[in-house]
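Have a look at the structure below, then the notes.
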Amino acid sequence: MAKTTSGADTQDLSSLSKEELIRLLNEKTASLEKAESDLKQEQEERAQAVLKLNKKLSKIKSKNALLKEQNQKIQTNNDNFVTIHDNLMLFIKEHRLESIDVLKDSNLPSVYEFARVENFHYTVITNLINAIRTLHYHQTRSLNLGTSEKNRGELPVSPKDKASLSDEDREMENYGNSLESDATVTEDFDLSDEIRYDEPDDTVSDEQETASDEQHPVVKILSPKRFTASKEGNNSLLKLTASSHQVKDVLEILEQDKKALDGIHDPDYKNEGVTRRRKKGAQYATNNVNELIGIFERDPEQKIILRCPCCRQPREFELDSKIERYNEVLVKGAGGKDVKKALLPVYTGYCKICGCTHEINPTVIQHFNFKHDPDSLVGKALKLSVTETSQRRTTDVSKTASETSMRRDQSDLNANGHVSDISTETSPNLSEKVSETSQTTDKQKIRRQNFNKLKNKENTLISKTDEFELIDIGENEYVIEPWSFDANTYSLLPAFQKSKLSIGVLASASAIFCQMGVPKNKISTVYDGDGFPISRDQLTGGINCFARAFLSNVARQIKKDILRTSETILFDESSLLVMETKYKKLSEGKSSKKSVIWVMNSSWISPIAACWYQVTPSRSHETLLDFLEELDIQLHARFMVSDGYSGYFKAARKLRKYKNINIQNASCWCHGRRPLHKYLRDTGLLKIYNRYLLPDSALFTSFTDNLKNYQADPKERILEDKERDLLIIYYLINALFVIDSSVVVEHAFELANEAFKESLMKARSERSRPIVEAIFDAIKIFIARNPMIIRACYEDNKVTYVPNEFFAESKALLYLIRYEEELRRFLTDPSIELTQSSCERALKTAISVRRNCQKLQSEDGAHAFADFMTISETCNQNSVPVQNYLVWLVANIRKRLYEYSLHHDLDSSTYCMPKRMQAEVDGRKTTLGIYDPACSYSYDLISVKGLMPYDYRKYLEAGRKSA
């Protein structure tokens, strides 16, 4: 039976009539049609909604694409802005305005902080305009006028002229009183103010990329931050819109200088050895360098023992009575203030066993006589001209000047400084060569005549270098006893075979260079005033070769002695411009151009007082590893005192980790005190400290009472809590120096003994340790009370301190809190000094030379500079005269070289200047410098044991006691 269900009731359809069934069916059909109609309408509405959503989605996509393109342009513009900002700052720094505090990298704001960027650039431009005004004021007033009490170096300006002044000139006139305060001064210069930089990676920067747009082209600027990165940037300077005519004038001058420099410095320079020479006029000197002051003669009582090239054994040689030739030697005149000439005979000798002949140069002979011209000693020297004609003195003077100019223009010296005969000229014509030979023969005749004339002269003064008194230093080594050594007479000998430069001239020039900081070209100019017949390149090459031959091995041994004997070593470094290294870096695409000069000093309780310098192209910590990893010695140093440069800490960590060398870092307290001192000085607190808290008449321990009295009755201003805390920290740091100094004075500056070590450790343990705890507690309390100045960040159980550059106090305390562990380390060992000041003082000597020279041309010159500074500073620390020591050192080295040559076969260049060598590198020929490790010379074969400046002092003290 069919049934239908409606709600909860079940109805039997059989009980319905036909009409009821039809009505029911119609109702169902109508309801189904209505449901279908509603469903179609809903589907149409949904389709319309999807269509609308698709339209909105397409609009959003188009907007997103537009925004993405605009964001890309904004990002490129931001990169351009960052690079322009960095280029501007770098351009300013490279034009010697880096000493302005606002230009330091630590003060650079983020480019996205537009308000700070605007304020920063406003400050920079203000400083630059003030500097330009000062420059303009100096040019117009100081340089062109004499200064007196009446005019003070200023032009008298009439009222009419004042009325006609422009607004800019009137502003400058009114600004005159504040020029000195706005200009940057460097009277308080110290090494900590130098810009510290991390060593950049030697990688080539990104290449230039450009993105073009039809309406608004956007160019991505080069990231190397150098104006010479592209051809366009290399041909023009940064164009600035300046309203001041002084700014425009200075920019024009800089543009002209840039064009001139572009013409000199080729960016594709590949060390081709091109040098620039400036032609100089003749020097009209009252001194005649051609004056002969004496001659060399062999001592007839001394036997000549040399290694026979045929017998290959030490043999006695008999000299031929006939002299082969006569050489000229440039020596120091009477009093050592001028340059004169001496004649040096070259003999021919024959072996008494086999009879073979051999030329004997006096540089090999250790014992000789020097016969002085008596007239020259009283100021009536024997006058010799090039043609040996009897002429008046005025003709002699003008002739000397013209010959000096001619000899300077035609260089007789190669790149190493080898001196050939001045009269020899290379000429392709046979007639000129014949003329040269004739001139040389005539010159030899003249020299022989003058030699014989002075030899036969009566009442001559003879200086002798008799048999040296020797000191036995053990291991079959001997040194010349310095008290009996006649340095003045020995310095008359030529420094090298086939060289006109004497030992005395090179020692004097070297001492002037390294002790007084006089550039080598200026030394040449001084000698030119005496008619010096040697060009600037010859003298420079001679000085460099002198350092390579006689000083380089001694400097290397000084370094080894420091590492072997000193428990604590002190390090410091600074930048140095070496042109050859700069061009090499530019050709390799490196961004850093400057080299670095390093200084390593022994500690105050070390048995030796020594200092070692080195010049390297890189400031990387790998350089420090090369210094400390000496293969043939055992490193005795356990501590390394330095400033805050991260390379020292990286090097120590690598030595401990990979080389099993346990060396710890110790930081310099002077670098922690210096920024605090500067802050107190700039804020006026230092005046209060010196005037009221710790005046000169007060005891050091009266600081606490004076501080309480000042707070109760302020004399100048009321001290804030943070100002009081900083003054207390400053006083406590000074107390550490007072404690160490009192122990040093108590032991009368005798530090290398156990009594001093015990006293120092006791004072540091009882008195310094509580002060150190108080210093760091006070700093941490200061940070907690002033969280905006220095923010402490805690991460992975480590605390890092982030400074706030808006507060000058953050810089004053950052070093102290950052290197707390290293600063505390001096409490553990008496060999650790509070500061590295001795190393800084040694570095300042090199910096003074750098300031005068500005740059060094070659890498050989840079290494020679380091060797000279090593010897000079070590002599200064041992109170040893540099020139006397250099002559004594040369005598010992040549004596040992002579003894070595008796038992070994050496070539003919044994006693000659070191030469540059040709070598094949990567399939092409190249020239190696005299300091290249691949170049070895006979001077490197001998031992330098017992020849250090501190050894020389020991011999002097022993001789004084025995006398």
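In the structure tokens, each chain is lettered A, B, ... as it comes, each chain's residues begin at 1, and ligands are numbered from 1 in order of appearance.
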What residues in range 641-780 of chain A get the DSSP label alpha helix (DSSP H)? Please answer as a tab-separated table (two decimals) with N, CA, C and O atoms, in the first residue's frame.
```tsv
chain	number	residue	atom	x	y	z
A	646	SER	N	90.24	45.22	17.51
A	646	SER	CA	89.81	43.83	17.62
A	646	SER	C	90.84	42.85	17.09
A	646	SER	O	90.81	41.67	17.44
A	647	GLY	N	91.75	43.29	16.21
A	647	GLY	CA	92.73	42.37	15.65
A	647	GLY	C	93.63	41.74	16.70
A	647	GLY	O	94.03	40.58	16.57
A	648	TYR	N	93.95	42.50	17.76
A	648	TYR	CA	94.79	41.94	18.83
A	648	TYR	C	94.08	40.79	19.55
A	648	TYR	O	94.71	39.79	19.91
A	649	PHE	N	92.79	40.93	19.75
A	649	PHE	CA	92.03	39.89	20.44
A	649	PHE	C	91.84	38.66	19.55
A	649	PHE	O	91.91	37.53	20.03
A	650	LYS	N	91.60	38.87	18.26
A	650	LYS	CA	91.47	37.74	17.33
A	650	LYS	C	92.78	36.97	17.24
A	650	LYS	O	92.78	35.73	17.23
A	651	ALA	N	93.88	37.68	17.16
A	651	ALA	CA	95.18	37.01	17.07
A	651	ALA	C	95.46	36.18	18.31
A	651	ALA	O	95.94	35.03	18.22
A	652	ALA	N	95.16	36.71	19.49
A	652	ALA	CA	95.40	35.96	20.74
A	652	ALA	C	94.52	34.72	20.79
A	652	ALA	O	94.97	33.64	21.22
A	653	ARG	N	93.26	34.85	20.37
A	653	ARG	CA	92.37	33.68	20.38
A	653	ARG	C	92.87	32.60	19.44
A	653	ARG	O	92.84	31.40	19.78
A	654	LYS	N	93.34	32.97	18.26
A	654	LYS	CA	93.83	31.97	17.31
A	654	LYS	C	95.12	31.32	17.81
A	654	LYS	O	95.33	30.12	17.60
A	655	LEU	N	95.97	32.08	18.46
A	655	LEU	CA	97.19	31.49	19.00
A	655	LEU	C	96.87	30.47	20.08
A	655	LEU	O	97.50	29.41	20.17
A	656	ARG	N	95.88	30.79	20.91
A	656	ARG	CA	95.50	29.84	21.97
A	656	ARG	C	94.81	28.62	21.39
A	656	ARG	O	95.01	27.50	21.88
A	657	LYS	N	94.03	28.80	20.35
A	657	LYS	CA	93.20	27.71	19.84
A	657	LYS	C	93.97	26.79	18.90
A	657	LYS	O	93.84	25.55	19.00
A	658	TYR	N	94.77	27.38	18.00
A	658	TYR	CA	95.39	26.57	16.95
A	658	TYR	C	96.88	26.33	17.16
A	658	TYR	O	97.42	25.34	16.70
A	669	TRP	N	94.98	51.21	30.25
A	669	TRP	CA	94.17	52.10	31.08
A	669	TRP	C	94.21	53.54	30.57
A	669	TRP	O	93.28	54.31	30.82
A	670	CYS	N	95.25	53.90	29.88
A	670	CYS	CA	95.33	55.26	29.35
A	670	CYS	C	94.27	55.49	28.29
A	670	CYS	O	93.71	56.59	28.18
A	671	HIS	N	93.97	54.46	27.50
A	671	HIS	CA	92.89	54.59	26.51
A	671	HIS	C	91.52	54.65	27.18
A	671	HIS	O	90.57	55.15	26.58
A	672	GLY	N	91.41	54.11	28.40
A	672	GLY	CA	90.16	54.25	29.13
A	672	GLY	C	90.03	55.60	29.81
A	672	GLY	O	88.93	56.15	29.94
A	673	ARG	N	91.16	56.15	30.23
A	673	ARG	CA	91.14	57.45	30.90
A	673	ARG	C	91.01	58.60	29.89
A	673	ARG	O	90.41	59.63	30.20
A	674	ARG	N	91.54	58.43	28.69
A	674	ARG	CA	91.63	59.53	27.73
A	674	ARG	C	90.26	60.07	27.29
A	674	ARG	O	90.06	61.29	27.31
A	675	PRO	N	89.29	59.24	26.89
A	675	PRO	CA	87.98	59.81	26.52
A	675	PRO	C	87.25	60.46	27.70
A	675	PRO	O	86.53	61.43	27.52
A	676	LEU	N	87.45	59.91	28.90
A	676	LEU	CA	86.85	60.53	30.08
A	676	LEU	C	87.50	61.89	30.35
A	676	LEU	O	86.81	62.87	30.69
A	677	HIS	N	88.80	61.97	30.19
A	677	HIS	CA	89.51	63.24	30.35
A	677	HIS	C	89.01	64.27	29.33
A	677	HIS	O	88.79	65.44	29.66
A	678	LYS	N	88.81	63.84	28.11
A	678	LYS	CA	88.33	64.74	27.07
A	678	LYS	C	86.92	65.24	27.36
A	678	LYS	O	86.60	66.42	27.17
A	679	TYR	N	86.07	64.34	27.87
A	679	TYR	CA	84.70	64.76	28.21
A	679	TYR	C	84.72	65.79	29.35
A	679	TYR	O	84.02	66.80	29.29
A	680	LEU	N	85.51	65.52	30.37
A	680	LEU	CA	85.60	66.47	31.48
A	680	LEU	C	86.16	67.81	31.02
A	680	LEU	O	85.74	68.87	31.49
A	681	ARG	N	87.11	67.77	30.11
A	681	ARG	CA	87.68	69.01	29.60
A	681	ARG	C	86.66	69.81	28.78
A	681	ARG	O	86.53	71.03	28.92
A	682	ASP	N	85.91	69.12	27.93
A	682	ASP	CA	84.94	69.81	27.07
A	682	ASP	C	83.77	70.37	27.86
A	682	ASP	O	83.17	71.37	27.46
A	683	THR	N	83.40	69.73	28.95
A	683	THR	CA	82.26	70.19	29.74
A	683	THR	C	82.64	71.14	30.87
A	683	THR	O	81.77	71.61	31.60
A	685	LEU	N	84.30	70.38	33.54
A	685	LEU	CA	84.46	69.71	34.82
A	685	LEU	C	85.93	69.52	35.18
A	685	LEU	O	86.28	69.46	36.36
A	686	LEU	N	86.79	69.44	34.18
A	686	LEU	CA	88.20	69.28	34.47
A	686	LEU	C	88.77	70.52	35.16
A	686	LEU	O	89.66	70.40	36.01
A	687	LYS	N	88.25	71.68	34.80
A	687	LYS	CA	88.70	72.91	35.47
A	687	LYS	C	88.32	72.87	36.96
A	687	LYS	O	89.11	73.26	37.84
A	688	ILE	N	87.12	72.39	37.23
A	688	ILE	CA	86.70	72.26	38.64
A	688	ILE	C	87.57	71.24	39.36
A	688	ILE	O	87.98	71.44	40.52
A	703	PHE	N	91.11	64.48	48.08
A	703	PHE	CA	90.05	64.65	47.08
A	703	PHE	C	88.67	64.52	47.71
A	703	PHE	O	87.76	65.31	47.41
A	704	THR	N	88.47	63.54	48.57
A	704	THR	CA	87.14	63.30	49.15
A	704	THR	C	86.67	64.50	49.97
A	704	THR	O	85.52	64.96	49.83
A	705	ASP	N	87.53	65.04	50.83
A	705	ASP	CA	87.15	66.20	51.63
A	705	ASP	C	86.89	67.42	50.74
A	705	ASP	O	85.94	68.18	50.99
A	706	ASN	N	87.71	67.61	49.73
A	706	ASN	CA	87.51	68.75	48.83
A	706	ASN	C	86.21	68.64	48.06
A	706	ASN	O	85.53	69.64	47.80
A	707	LEU	N	85.84	67.41	47.68
A	707	LEU	CA	84.58	67.21	46.97
A	707	LEU	C	83.39	67.54	47.86
A	707	LEU	O	82.42	68.19	47.43
A	708	LYS	N	83.46	67.09	49.12
A	708	LYS	CA	82.37	67.40	50.05
A	708	LYS	C	82.26	68.91	50.28
A	708	LYS	O	81.16	69.48	50.30
A	709	ASN	N	83.38	69.57	50.43
A	709	ASN	CA	83.36	71.01	50.64
A	709	ASN	C	82.81	71.75	49.43
A	709	ASN	O	82.07	72.73	49.56
A	710	TYR	N	83.16	71.26	48.24
A	710	TYR	CA	82.67	71.93	47.04
A	710	TYR	C	81.16	71.74	46.88
A	710	TYR	O	80.45	72.66	46.48
A	711	GLN	N	80.67	70.54	47.20
A	711	GLN	CA	79.23	70.31	47.09
A	711	GLN	C	78.47	71.14	48.13
A	711	GLN	O	77.35	71.60	47.85
A	712	ALA	N	79.07	71.35	49.28
A	712	ALA	CA	78.41	72.18	50.28
A	712	ALA	C	78.43	73.65	49.90
A	712	ALA	O	77.48	74.39	50.18
A	721	ASP	N	74.42	64.73	39.87
A	721	ASP	CA	74.85	63.44	40.41
A	721	ASP	C	75.76	62.70	39.43
A	721	ASP	O	76.79	62.13	39.81
A	722	LYS	N	75.40	62.73	38.14
A	722	LYS	CA	76.22	62.00	37.16
A	722	LYS	C	77.57	62.69	36.96
A	722	LYS	O	78.58	62.02	36.72
A	723	GLU	N	77.60	64.01	37.06
A	723	GLU	CA	78.88	64.72	36.96
A	723	GLU	C	79.77	64.38	38.14
A	723	GLU	O	81.00	64.19	37.99
A	724	ARG	N	79.19	64.30	39.32
A	724	ARG	CA	79.97	63.92	40.51
A	724	ARG	C	80.52	62.51	40.35
A	724	ARG	O	81.69	62.24	40.67
A	725	ASP	N	79.69	61.58	39.84
A	725	ASP	CA	80.14	60.20	39.66
A	725	ASP	C	81.30	60.11	38.67
A	725	ASP	O	82.26	59.36	38.89
A	726	LEU	N	81.23	60.87	37.60
A	726	LEU	CA	82.31	60.84	36.61
A	726	LEU	C	83.60	61.40	37.17
A	726	LEU	O	84.69	60.90	36.86
A	727	LEU	N	83.51	62.43	37.97
A	727	LEU	CA	84.71	62.97	38.61
A	727	LEU	C	85.33	61.96	39.57
A	727	LEU	O	86.57	61.85	39.66
A	728	ILE	N	84.51	61.22	40.28
A	728	ILE	CA	85.02	60.20	41.20
A	728	ILE	C	85.71	59.08	40.41
A	728	ILE	O	86.80	58.62	40.78
A	729	ILE	N	85.11	58.65	39.30
A	729	ILE	CA	85.72	57.60	38.47
A	729	ILE	C	87.06	58.07	37.92
A	729	ILE	O	88.06	57.34	37.92
A	730	TYR	N	87.10	59.32	37.49
A	730	TYR	CA	88.34	59.89	36.97
A	730	TYR	C	89.43	59.92	38.05
A	730	TYR	O	90.60	59.59	37.78
A	731	TYR	N	89.06	60.27	39.24
A	731	TYR	CA	90.03	60.32	40.36
A	731	TYR	C	90.53	58.91	40.69
A	731	TYR	O	91.73	58.72	40.94
A	732	LEU	N	89.66	57.93	40.68
A	732	LEU	CA	90.06	56.57	41.02
A	732	LEU	C	91.03	56.00	39.97
A	732	LEU	O	91.98	55.28	40.32
A	733	ILE	N	90.80	56.32	38.70
A	733	ILE	CA	91.74	55.87	37.66
A	733	ILE	C	93.11	56.50	37.89
A	733	ILE	O	94.15	55.84	37.77
A	734	ASN	N	93.12	57.79	38.20
A	734	ASN	CA	94.40	58.44	38.48
A	734	ASN	C	95.10	57.82	39.68
A	734	ASN	O	96.34	57.78	39.74
A	735	ALA	N	94.31	57.33	40.63
A	735	ALA	CA	94.91	56.72	41.82
A	735	ALA	C	95.71	55.47	41.46
A	735	ALA	O	96.73	55.18	42.09
A	736	LEU	N	95.28	54.72	40.43
A	736	LEU	CA	96.03	53.54	40.01
A	736	LEU	C	97.42	53.93	39.52
A	736	LEU	O	98.41	53.24	39.81
A	737	PHE	N	97.50	55.03	38.78
A	737	PHE	CA	98.80	55.47	38.28
A	737	PHE	C	99.68	55.97	39.43
A	737	PHE	O	100.89	55.78	39.42
A	738	VAL	N	99.07	56.61	40.41
A	738	VAL	CA	99.85	57.11	41.55
A	738	VAL	C	100.46	55.96	42.33
A	738	VAL	O	101.63	56.01	42.76
A	739	ILE	N	99.71	54.88	42.49
A	739	ILE	CA	100.21	53.73	43.26
A	739	ILE	C	101.40	53.09	42.55
A	739	ILE	O	102.45	52.83	43.16
A	740	ASP	N	101.26	52.83	41.23
A	740	ASP	CA	102.38	52.23	40.50
A	740	ASP	C	103.58	53.16	40.46
A	740	ASP	O	104.74	52.71	40.59
A	741	SER	N	103.35	54.45	40.30
A	741	SER	CA	104.46	55.40	40.22
A	741	SER	C	105.21	55.47	41.55
A	741	SER	O	106.44	55.61	41.57
A	742	SER	N	104.50	55.38	42.64
A	742	SER	CA	105.18	55.43	43.95
A	742	SER	C	106.11	54.25	44.15
A	742	SER	O	107.19	54.38	44.72
A	743	VAL	N	105.72	53.08	43.64
A	743	VAL	CA	106.59	51.90	43.75
A	743	VAL	C	107.81	52.07	42.85
A	743	VAL	O	108.94	51.72	43.22
A	744	VAL	N	107.61	52.62	41.66
A	744	VAL	CA	108.74	52.84	40.75
A	744	VAL	C	109.75	53.80	41.35
A	744	VAL	O	110.96	53.58	41.32
A	745	VAL	N	109.26	54.90	41.92
A	745	VAL	CA	110.16	55.88	42.54
A	745	VAL	C	110.85	55.29	43.76
A	745	VAL	O	112.03	55.57	44.02
A	746	GLU	N	110.13	54.47	44.49
A	746	GLU	CA	110.72	53.85	45.68
A	746	GLU	C	111.92	53.01	45.32
A	746	GLU	O	112.90	52.93	46.08
A	754	GLU	N	113.80	41.28	41.22
A	754	GLU	CA	112.72	40.61	41.94
A	754	GLU	C	112.14	41.47	43.05
A	754	GLU	O	110.96	41.38	43.39
A	755	ALA	N	112.94	42.34	43.64
A	755	ALA	CA	112.44	43.20	44.72
A	755	ALA	C	111.35	44.13	44.21
A	755	ALA	O	110.33	44.34	44.88
A	756	PHE	N	111.55	44.67	43.02
A	756	PHE	CA	110.52	45.55	42.46
A	756	PHE	C	109.24	44.78	42.18
A	756	PHE	O	108.13	45.26	42.44
A	757	LYS	N	109.37	43.58	41.63
A	757	LYS	CA	108.19	42.78	41.33
A	757	LYS	C	107.39	42.48	42.59
A	757	LYS	O	106.15	42.58	42.59
A	758	GLU	N	108.08	42.12	43.65
A	758	GLU	CA	107.38	41.80	44.90
A	758	GLU	C	106.68	43.04	45.47
A	758	GLU	O	105.53	42.96	45.92
A	759	SER	N	107.37	44.17	45.45
A	759	SER	CA	106.76	45.40	45.98
A	759	SER	C	105.56	45.82	45.14
A	759	SER	O	104.53	46.24	45.69
A	760	LEU	N	105.67	45.69	43.85
A	760	LEU	CA	104.58	46.10	42.97
A	760	LEU	C	103.36	45.20	43.17
A	760	LEU	O	102.22	45.69	43.25
A	761	MET	N	103.58	43.88	43.23
A	761	MET	CA	102.45	42.98	43.43
A	761	MET	C	101.77	43.21	44.77
A	761	MET	O	100.54	43.12	44.90
A	762	LYS	N	102.56	43.51	45.79
A	762	LYS	CA	101.99	43.78	47.11
A	762	LYS	C	101.14	45.05	47.07
A	762	LYS	O	100.02	45.09	47.61
A	763	ALA	N	101.65	46.11	46.44
A	763	ALA	CA	100.89	47.36	46.35
A	763	ALA	C	99.63	47.19	45.53
A	763	ALA	O	98.57	47.72	45.87
A	769	ARG	N	93.70	46.79	43.94
A	769	ARG	CA	92.55	45.91	43.70
A	769	ARG	C	91.25	46.51	44.23
A	769	ARG	O	90.24	46.50	43.52
A	770	PRO	N	91.19	47.02	45.47
A	770	PRO	CA	89.93	47.65	45.91
A	770	PRO	C	89.53	48.85	45.05
A	770	PRO	O	88.34	49.09	44.83
A	771	ILE	N	90.50	49.59	44.55
A	771	ILE	CA	90.17	50.74	43.70
A	771	ILE	C	89.58	50.27	42.39
A	771	ILE	O	88.61	50.86	41.87
A	772	VAL	N	90.12	49.20	41.82
A	772	VAL	CA	89.57	48.66	40.57
A	772	VAL	C	88.14	48.20	40.78
A	772	VAL	O	87.25	48.45	39.94
A	773	GLU	N	87.88	47.51	41.88
A	773	GLU	CA	86.51	47.08	42.17
A	773	GLU	C	85.59	48.29	42.30
A	773	GLU	O	84.45	48.29	41.80
A	774	ALA	N	86.07	49.34	42.94
A	774	ALA	CA	85.25	50.55	43.11
A	774	ALA	C	84.98	51.22	41.76
A	774	ALA	O	83.89	51.76	41.53
A	775	ILE	N	85.96	51.20	40.86
A	775	ILE	CA	85.78	51.85	39.54
A	775	ILE	C	84.66	51.18	38.77
A	775	ILE	O	83.73	51.83	38.27
A	776	PHE	N	84.71	49.87	38.67
A	776	PHE	CA	83.71	49.18	37.86
A	776	PHE	C	82.35	49.14	38.55
A	776	PHE	O	81.31	49.14	37.87
A	777	ASP	N	82.33	49.11	39.88
A	777	ASP	CA	81.05	49.22	40.58
A	777	ASP	C	80.42	50.59	40.32
A	777	ASP	O	79.22	50.69	40.10
A	778	ALA	N	81.24	51.63	40.35
A	778	ALA	CA	80.72	52.97	40.10
A	778	ALA	C	80.20	53.11	38.68
A	778	ALA	O	79.17	53.76	38.44
A	779	ILE	N	80.90	52.49	37.72
A	779	ILE	CA	80.44	52.56	36.33
A	779	ILE	C	79.11	51.84	36.16
A	779	ILE	O	78.18	52.33	35.50
A	780	LYS	N	78.98	50.67	36.76
A	780	LYS	CA	77.73	49.90	36.63
A	780	LYS	C	76.57	50.62	37.32
A	780	LYS	O	75.44	50.61	36.83
```
Against range 861-865 of chain A, which residues of range 557-617 of chain A fall within 7 Å? For each one I want the closest pair of atoms and the distance in Å (one decimal), counting only C-alpha atoms, rows by chain and increasing residue number, as a Markdown table.
```
| residue | atom | partner | partner_atom | distance |
| --- | --- | --- | --- | --- |
| A:Val578 | CA | A:Ala862 | CA | 7.0 |
| A:Gln614 | CA | A:His863 | CA | 7.0 |
| A:Val615 | CA | A:His863 | CA | 6.3 |
```
### Task
For Glu328 in chain A, work out the shell of residues within 10 Å, counting only C-alpha atoms and skipping chain neighbours fewer than 3 positions away, then give it as a PyMOL selection string.
chain A and resi 290+292+295+331+340-345+421+447+494+498-502
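The shortest atom-to-atom distance to Val289 in chain A, with only C-alpha atoms taken into account, belongs to A:Ile534 out of A:Val82, A:Leu816, A:Ala610, A:Ile534.
Nearest residue to Arg791 in chain A among A:Leu886, A:Ile597, A:Ile871, A:Ile817 is A:Ile817, counting only C-alpha atoms.
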Write out as a compact mmCIF listing (two decimals) with all heavy atoms, in the first residue's frame which residues come within 12 Å of Gln634 in chain A when counting only C-alpha atoms, dropping same-chain ones fewer than 5 positions away.
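The resulting selection_10.txt:
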```txt
# COMPACT_ATOMS: atom_id res chain seq x y z
N LYS A 560 113.29 39.20 17.65
CA LYS A 560 113.39 37.88 18.29
C LYS A 560 113.74 38.01 19.77
O LYS A 560 113.21 37.26 20.60
CB LYS A 560 114.44 37.04 17.57
CG LYS A 560 114.05 36.66 16.14
CD LYS A 560 115.14 35.81 15.50
CE LYS A 560 114.77 35.44 14.07
NZ LYS A 560 115.83 34.61 13.42
N ASP A 561 114.62 38.93 20.11
CA ASP A 561 115.00 39.11 21.51
C ASP A 561 113.82 39.59 22.34
O ASP A 561 113.67 39.18 23.50
CB ASP A 561 116.15 40.11 21.60
CG ASP A 561 117.46 39.53 21.08
OD1 ASP A 561 117.52 38.31 20.88
OD2 ASP A 561 118.40 40.32 20.84
N ILE A 562 112.98 40.45 21.77
CA ILE A 562 111.79 40.90 22.51
C ILE A 562 110.86 39.72 22.79
O ILE A 562 110.37 39.55 23.92
CB ILE A 562 111.07 42.00 21.73
CG1 ILE A 562 111.93 43.27 21.64
CG2 ILE A 562 109.73 42.34 22.38
CD1 ILE A 562 111.33 44.36 20.77
N LEU A 563 110.61 38.91 21.77
CA LEU A 563 109.69 37.77 21.95
C LEU A 563 110.29 36.71 22.85
O LEU A 563 109.56 35.97 23.51
CB LEU A 563 109.36 37.17 20.58
CG LEU A 563 108.61 38.07 19.60
CD1 LEU A 563 108.39 37.35 18.28
CD2 LEU A 563 107.27 38.52 20.18
N ARG A 564 111.62 36.62 22.90
CA ARG A 564 112.26 35.58 23.68
C ARG A 564 112.42 35.95 25.15
O ARG A 564 112.44 35.07 26.02
CB ARG A 564 113.64 35.27 23.09
CG ARG A 564 114.35 34.10 23.74
CD ARG A 564 115.78 33.93 23.23
NE ARG A 564 115.79 33.55 21.83
CZ ARG A 564 116.25 34.30 20.86
NH1 ARG A 564 116.73 35.51 21.13
NH2 ARG A 564 116.25 33.88 19.61
N THR A 565 112.53 37.23 25.45
CA THR A 565 112.88 37.64 26.82
C THR A 565 111.77 38.37 27.56
O THR A 565 111.78 38.40 28.79
CB THR A 565 114.11 38.56 26.79
OG1 THR A 565 113.82 39.73 26.01
CG2 THR A 565 115.30 37.85 26.16
N SER A 566 110.83 38.96 26.86
CA SER A 566 109.82 39.81 27.51
C SER A 566 108.57 39.01 27.82
O SER A 566 107.99 38.36 26.92
CB SER A 566 109.48 41.01 26.62
OG SER A 566 108.60 41.88 27.28
N GLU A 567 108.14 39.03 29.07
CA GLU A 567 106.91 38.34 29.45
C GLU A 567 105.67 39.07 28.95
O GLU A 567 104.63 38.45 28.73
CB GLU A 567 106.84 38.19 30.98
CG GLU A 567 107.93 37.32 31.57
CD GLU A 567 107.76 37.15 33.05
OE1 GLU A 567 106.71 37.58 33.58
OE2 GLU A 567 108.65 36.56 33.70
N LEU A 628 104.12 37.06 15.61
CA LEU A 628 104.32 36.28 16.83
C LEU A 628 104.73 34.84 16.57
O LEU A 628 105.18 34.16 17.49
CB LEU A 628 103.03 36.31 17.66
CG LEU A 628 102.56 37.70 18.10
CD1 LEU A 628 101.23 37.60 18.81
CD2 LEU A 628 103.59 38.36 19.00
N GLU A 629 104.56 34.36 15.36
CA GLU A 629 104.90 32.97 15.04
C GLU A 629 106.33 32.90 14.48
O GLU A 629 106.54 32.73 13.28
CB GLU A 629 103.91 32.38 14.04
CG GLU A 629 102.52 32.17 14.62
CD GLU A 629 101.53 31.65 13.60
OE1 GLU A 629 101.90 31.50 12.41
OE2 GLU A 629 100.39 31.39 13.98
N ILE A 661 99.56 28.40 22.01
CA ILE A 661 100.36 29.47 22.62
C ILE A 661 99.44 30.26 23.53
O ILE A 661 98.53 30.96 23.06
CB ILE A 661 100.99 30.38 21.55
CG1 ILE A 661 101.94 29.57 20.66
CG2 ILE A 661 101.73 31.53 22.20
CD1 ILE A 661 102.54 30.39 19.53
```
### Query
Nearest to Ala487 in chain A: which of A:Trp888, A:Tyr898, A:Tyr326, A:Trp604 is it, counting only C-alpha atoms?
A:Trp888
### Spatial neighbours of Ser595 in chain A, 6 Å, only C-alpha atoms, chain gap at least 5 places, as a VMD selection string
chain A and resid 575 to 577 616 to 617
